[in-house]
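To start, the structure under review is shown below, and the notes come after it.
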Amino acid sequence: MRSILIANPKGGSGKSTLSTHLAAWFAWQEEAVMLGDIDSQQSSRHWLSLRPSSSPQIRGWDLDEEQKARPPKGTGIAVLDSPAGLHGKRLKQALMRVDHVVVPVLPSAFDMWASATFFEELAEVKAIRREEISVAVIGMRVNPRTQSATQLTEFLKQFDLPLLTCIRDTQLYVQSIQRGLTLFDLPVSRTKQDRLQWQPLLDWLVSNKR
Ligand SMILES: Nc1ncnc2c1ncn2[C@@H]1O[C@H](COP(=O)(O)OP(=O)(O)O)[C@@H](O)[C@H]1O
Ligand SMILES: [Mg+2]
């Protein structure tokens, strides 16, 4: 079983969009997927309640107050969505249960500054220093080969973190999420280019198998 934490200190950076998309992609790979949500806004939880029964199944992962619950036996992949401002004790608790952390960052100065403190905190975590937990960053709502993408790549160099990929800004995300779906649930013919943008992250998650 592997667990992936989606985290970023800023609200609106695409954490829930990323969480739901990863859960759906793994469900399409016939993995037994659990989706947990430690954000009080419960966006992922709400999305899951809208998911049509004809779509590949994703189960909700109920977490207790102290976030101590572990996903049930038989889980292949657990994806954990998290609130803005996750830090300190709560961040440590969440990290105790995961193998990977994926951080979506918007290409704005405010978001990059806020992420800097978060990356510094992550760098202090023993399990990350020992590479027991791997960290990846993706640009959210960024068009690849734009100045924003270059700035994000430059910004991440100081933390020795690669920018795995950039996910463009498109209403396809907004429209599919409100129906309990993701881009991966839409026809390939409509989403070919967008799926390609996800591939480096998916390859990284698959090849980083523990
Ligand atoms: N790639 C994208 N293109 C267009 N809209 C996006 C994209 N990613 C996220 N959004 C929208 O941005 C808003 C914030 O995303 P969300 O996933 O809820 O962020 P968070 O969970 O970090 O608060 C939502 O309205 C979502 O639909
Ligand atoms: Mg959210």
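Starting from 1 in every chain, residues are counted up; chains themselves are A, B, ... following the order of the structure tokens, and ligands are numbered from 1 as listed.
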
Open item on the list: Need to verify the contact set: stretch 168-179 of chain A, 9 Å, only C-alpha atoms, exclusion of same-chain residues closer than 2 positions in sequence. Can you return it as a ChimeraX atom specification?
Closed with: /A:17,20,47,50-52,139-144,166,181-183,185-186,191,194,197

Requested write-out: C-alpha atoms of the selected residues, as a PDB file, in the first residue's frame:
ATOM      1  CA  THR A  17      -8.228  19.042  -7.969  1.00  0.00           C
ATOM      2  CA  THR A  20      -9.325  13.785  -6.973  1.00  0.00           C
ATOM      3  CA  TRP A  47     -16.699  15.363  -4.860  1.00  0.00           C
ATOM      4  CA  LEU A  50     -21.171  13.120  -6.441  1.00  0.00           C
ATOM      5  CA  ARG A  51     -19.151  10.472  -8.262  1.00  0.00           C
ATOM      6  CA  PRO A  52     -21.385   8.390 -10.550  1.00  0.00           C
ATOM      7  CA  GLY A 139       2.829  23.823 -11.555  1.00  0.00           C
ATOM      8  CA  MET A 140      -0.952  24.243 -11.388  1.00  0.00           C
ATOM      9  CA  ARG A 141      -2.775  26.390 -13.927  1.00  0.00           C
ATOM     10  CA  VAL A 142       0.520  26.963 -15.722  1.00  0.00           C
ATOM     11  CA  ASN A 143       1.042  26.644 -19.415  1.00  0.00           C
ATOM     12  CA  PRO A 144       4.285  24.813 -20.132  1.00  0.00           C
ATOM     13  CA  CYS A 166       2.732  21.884 -15.505  1.00  0.00           C
ATOM     14  CA  LEU A 181     -15.604  13.309 -12.386  1.00  0.00           C
ATOM     15  CA  THR A 182     -12.087  14.137 -13.498  1.00  0.00           C
ATOM     16  CA  LEU A 183     -10.401  14.582 -16.837  1.00  0.00           C
ATOM     17  CA  ASP A 185     -13.206  10.019 -16.715  1.00  0.00           C
ATOM     18  CA  LEU A 186     -13.792  12.010 -19.928  1.00  0.00           C
ATOM     19  CA  THR A 191      -8.447  15.174 -23.121  1.00  0.00           C
ATOM     20  CA  ASP A 194      -4.156  17.307 -20.944  1.00  0.00           C
ATOM     21  CA  GLN A 197       0.624  16.906 -19.010  1.00  0.00           C
TER      22      GLN A 197
END

- [ ] Within 10 Å of A:Ser49, counting only C-alpha atoms, which residues show up once you throw out same-chain ones fewer than 3 positions away? Write them as a list in words, please.
- [x]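 Selected residues are Ser43, Ser44, Arg45, His46, Pro52, Ser53, Arg59, Gly60, Arg179 and Gly180 of chain A.
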
Open item on the list: Excluding A:Met112 and its own-chain neighbours fewer than 5 positions away, which residues fall within 9 Å of it when counting only C-alpha atoms? Please give them as a count of residues only.
Closed with: 6

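Among the candidate residues A:Val101, A:Val188, A:Leu22, A:Leu202, the one lying nearest to A:Leu161 is A:Val101, with distances computed using only C-alpha atoms.
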
Excluding A:Glu121 and its own-chain neighbours fewer than 5 positions away, which residues fall within 9 Å of it when counting only C-alpha atoms? Please give them as a JSON list (two decimals) with N, CA, C and O atoms, in the first residue's frame.
[["chain", "number", "residue", "atom", "x", "y", "z"],
["A", 87, "HIS", "N", 0.79, 22.73, 8.79],
["A", 87, "HIS", "CA", 2.17, 22.84, 9.24],
["A", 87, "HIS", "C", 2.30, 22.29, 10.65],
["A", 87, "HIS", "O", 1.30, 21.85, 11.25],
["A", 88, "GLY", "N", 3.49, 22.30, 11.19],
["A", 88, "GLY", "CA", 3.71, 21.90, 12.58],
["A", 88, "GLY", "C", 3.24, 20.48, 12.86],
["A", 88, "GLY", "O", 3.48, 19.58, 12.07],
["A", 116, "ALA", "N", 7.67, 28.65, -0.12],
["A", 116, "ALA", "CA", 9.08, 28.60, 0.32],
["A", 116, "ALA", "C", 9.17, 28.16, 1.77],
["A", 116, "ALA", "O", 9.95, 27.26, 2.11]]

Open item on the list: Report, in Å with one decimal, the straight-line distance from atom CA of A:Pro71 to atom 27 (O, counted along the ligand's line) of ligand 1.
Closed with: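 It comes out at 26.8 Å.
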
- [ ] Could you tell me which of A:Gly36, A:Gly11, A:Pro200, A:Pro162 comes closest to A:Ala94 if we count only C-alpha atoms?
- [x]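 Using only C-alpha atoms, A:Ala94 sits closest to A:Gly36.
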
Task: Surrounding residues of A:Thr117 excluding itself and chain neighbours under 5 positions, 12 Å, only C-alpha atoms, as a count of residues only - done: 14

Open item on the list: Measuring between only C-alpha atoms, which one of A:Leu205, A:Arg2, A:Gln199, A:Thr146 shows the shortest distance to A:Pro72?
Closed with: A:Arg2

Sorted by chain and rising residue number, list the residues of chain A at most 10 Å from ligand 2 (counting only C-alpha atoms and all ligand atoms), each with its closest atom pair and distance in Å to one decimal, as a tab-separated table.
residue	atom	partner	partner_atom_place_in_ligand_line	distance
A:Ile6	CA	ligand 2	1 (Mg)	9.5
A:Ala7	CA	ligand 2	1 (Mg)	9.3
A:Asn8	CA	ligand 2	1 (Mg)	9.8
A:Lys10	CA	ligand 2	1 (Mg)	9.7
A:Gly11	CA	ligand 2	1 (Mg)	6.9
A:Gly12	CA	ligand 2	1 (Mg)	6.8
A:Ser13	CA	ligand 2	1 (Mg)	8.1
A:Gly14	CA	ligand 2	1 (Mg)	6.8
A:Lys15	CA	ligand 2	1 (Mg)	5.2
A:Ser16	CA	ligand 2	1 (Mg)	4.1
A:Thr17	CA	ligand 2	1 (Mg)	7.3
A:Leu18	CA	ligand 2	1 (Mg)	9.1
A:Ser19	CA	ligand 2	1 (Mg)	8.6
A:Thr20	CA	ligand 2	1 (Mg)	9.9
A:Asp37	CA	ligand 2	1 (Mg)	8.6
A:Ile38	CA	ligand 2	1 (Mg)	9.5
A:Asp39	CA	ligand 2	1 (Mg)	6.8
A:Ser40	CA	ligand 2	1 (Mg)	9.1
A:Gln41	CA	ligand 2	1 (Mg)	6.9
A:Gln42	CA	ligand 2	1 (Mg)	7.2
A:Ser43	CA	ligand 2	1 (Mg)	5.5
A:Ser44	CA	ligand 2	1 (Mg)	7.0
A:Arg45	CA	ligand 2	1 (Mg)	9.9
A:Asp81	CA	ligand 2	1 (Mg)	6.9
A:Ser82	CA	ligand 2	1 (Mg)	6.7
A:Pro83	CA	ligand 2	1 (Mg)	6.1
A:Ala84	CA	ligand 2	1 (Mg)	7.5

Residues as selected, C-alpha atoms, written as a PDB file, in the first residue's frame, can you do that?
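Output file again35.pdb follows:
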ATOM      1  CA  ILE A   6      -1.300  16.487  -1.422  1.00  0.00           C
ATOM      2  CA  ALA A   7      -0.281  19.652   0.367  1.00  0.00           C
ATOM      3  CA  ASN A   8       0.423  23.347  -0.091  1.00  0.00           C
ATOM      4  CA  LYS A  10      -2.106  28.270   0.218  1.00  0.00           C
ATOM      5  CA  GLY A  11      -5.793  27.792  -0.423  1.00  0.00           C
ATOM      6  CA  GLY A  12      -6.855  27.553  -4.037  1.00  0.00           C
ATOM      7  CA  SER A  13      -3.566  26.070  -5.244  1.00  0.00           C
ATOM      8  CA  GLY A  14      -5.280  23.003  -6.711  1.00  0.00           C
ATOM      9  CA  LYS A  15      -4.867  20.456  -3.890  1.00  0.00           C
ATOM     10  CA  SER A  16      -8.377  19.044  -4.173  1.00  0.00           C
ATOM     11  CA  THR A  17      -8.228  19.042  -7.969  1.00  0.00           C
ATOM     12  CA  LEU A  18      -4.946  17.147  -7.815  1.00  0.00           C
ATOM     13  CA  SER A  19      -6.175  14.720  -5.117  1.00  0.00           C
ATOM     14  CA  THR A  20      -9.325  13.785  -6.973  1.00  0.00           C
ATOM     15  CA  ASP A  37      -9.675  14.470   3.282  1.00  0.00           C
ATOM     16  CA  ILE A  38      -8.320  16.189   6.383  1.00  0.00           C
ATOM     17  CA  ASP A  39      -9.527  19.602   5.186  1.00  0.00           C
ATOM     18  CA  SER A  40     -12.577  20.807   7.119  1.00  0.00           C
ATOM     19  CA  GLN A  41     -13.927  22.125   3.790  1.00  0.00           C
ATOM     20  CA  GLN A  42     -14.219  18.483   2.722  1.00  0.00           C
ATOM     21  CA  SER A  43     -13.983  19.302  -0.999  1.00  0.00           C
ATOM     22  CA  SER A  44     -12.692  15.860  -1.974  1.00  0.00           C
ATOM     23  CA  ARG A  45     -15.254  14.197   0.239  1.00  0.00           C
ATOM     24  CA  ASP A  81      -6.173  15.813   0.504  1.00  0.00           C
ATOM     25  CA  SER A  82      -5.238  18.456   3.060  1.00  0.00           C
ATOM     26  CA  PRO A  83      -6.171  21.985   4.139  1.00  0.00           C
ATOM     27  CA  ALA A  84      -4.332  25.224   3.449  1.00  0.00           C
TER      28      ALA A  84
END

- [ ] List every residue of stretch 2-198 of chain A that DSSP, applied to the backbone of this structure, places in alpha helix (DSSP H), and write the result as JSON, numbers by chain.
- [x] {"A": [15, 16, 17, 18, 19, 20, 21, 22, 23, 24, 25, 26, 27, 28, 43, 44, 45, 46, 47, 48, 49, 50, 88, 89, 90, 91, 92, 93, 94, 95, 109, 110, 111, 112, 113, 114, 115, 116, 117, 118, 119, 120, 121, 122, 123, 124, 126, 127, 128, 129, 147, 148, 149, 150, 151, 152, 153, 154, 155, 156, 157, 171, 172, 173, 174, 175, 176, 177, 188, 189, 190, 191, 192, 193, 194, 195, 196, 197, 198]}

Task: Best match for closeness to A:Ala136 among A:Thr165, A:Gln193, A:Thr150, A:Ser108, counting only C-alpha atoms - done: A:Thr165

TODO: Find, counting only C-alpha atoms and all ligand atoms, the residue in A:Val103, A:Leu196, A:Ala114, A:Val206 that gets nearest to ligand 1.
DONE: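 Comparing A:Val103, A:Leu196, A:Ala114, A:Val206 against ligand 1, the winner is A:Val103.
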
TODO: Just the strand (DSSP E or B) stuff from stretch 15-174 of chain A, please, per backbone DSSP, written as a PyMOL selection string.
DONE: chain A and resi 33-37+58-61+77-81+100-105+134-140+163-167

Open item on the list: Calculated over only C-alpha atoms, which of the candidates A:Ser148, A:Gln29, A:Ser207, A:Ser3 has the smallest distance to A:Leu163?
Closed with: A:Ser148

Task: A:Glu131 environment, 10 Å, only C-alpha atoms, sequence neighbours closer than 4 positions dropped, as a list of chain:residue names - done: A:Asp99, A:His100, A:Val125, A:Lys126, A:Ala127, A:Val135

Open item on the list: If we count only C-alpha atoms and set the cut-off at 8 Å, which residues sit around A:Pro56, ignoring sequence neighbours fewer than 4 positions away in its own chain? Please answer as a list in words.
Closed with: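 Non-adjacent residues within range: Ala24, Ala27, Trp28 and Glu30 of chain A.
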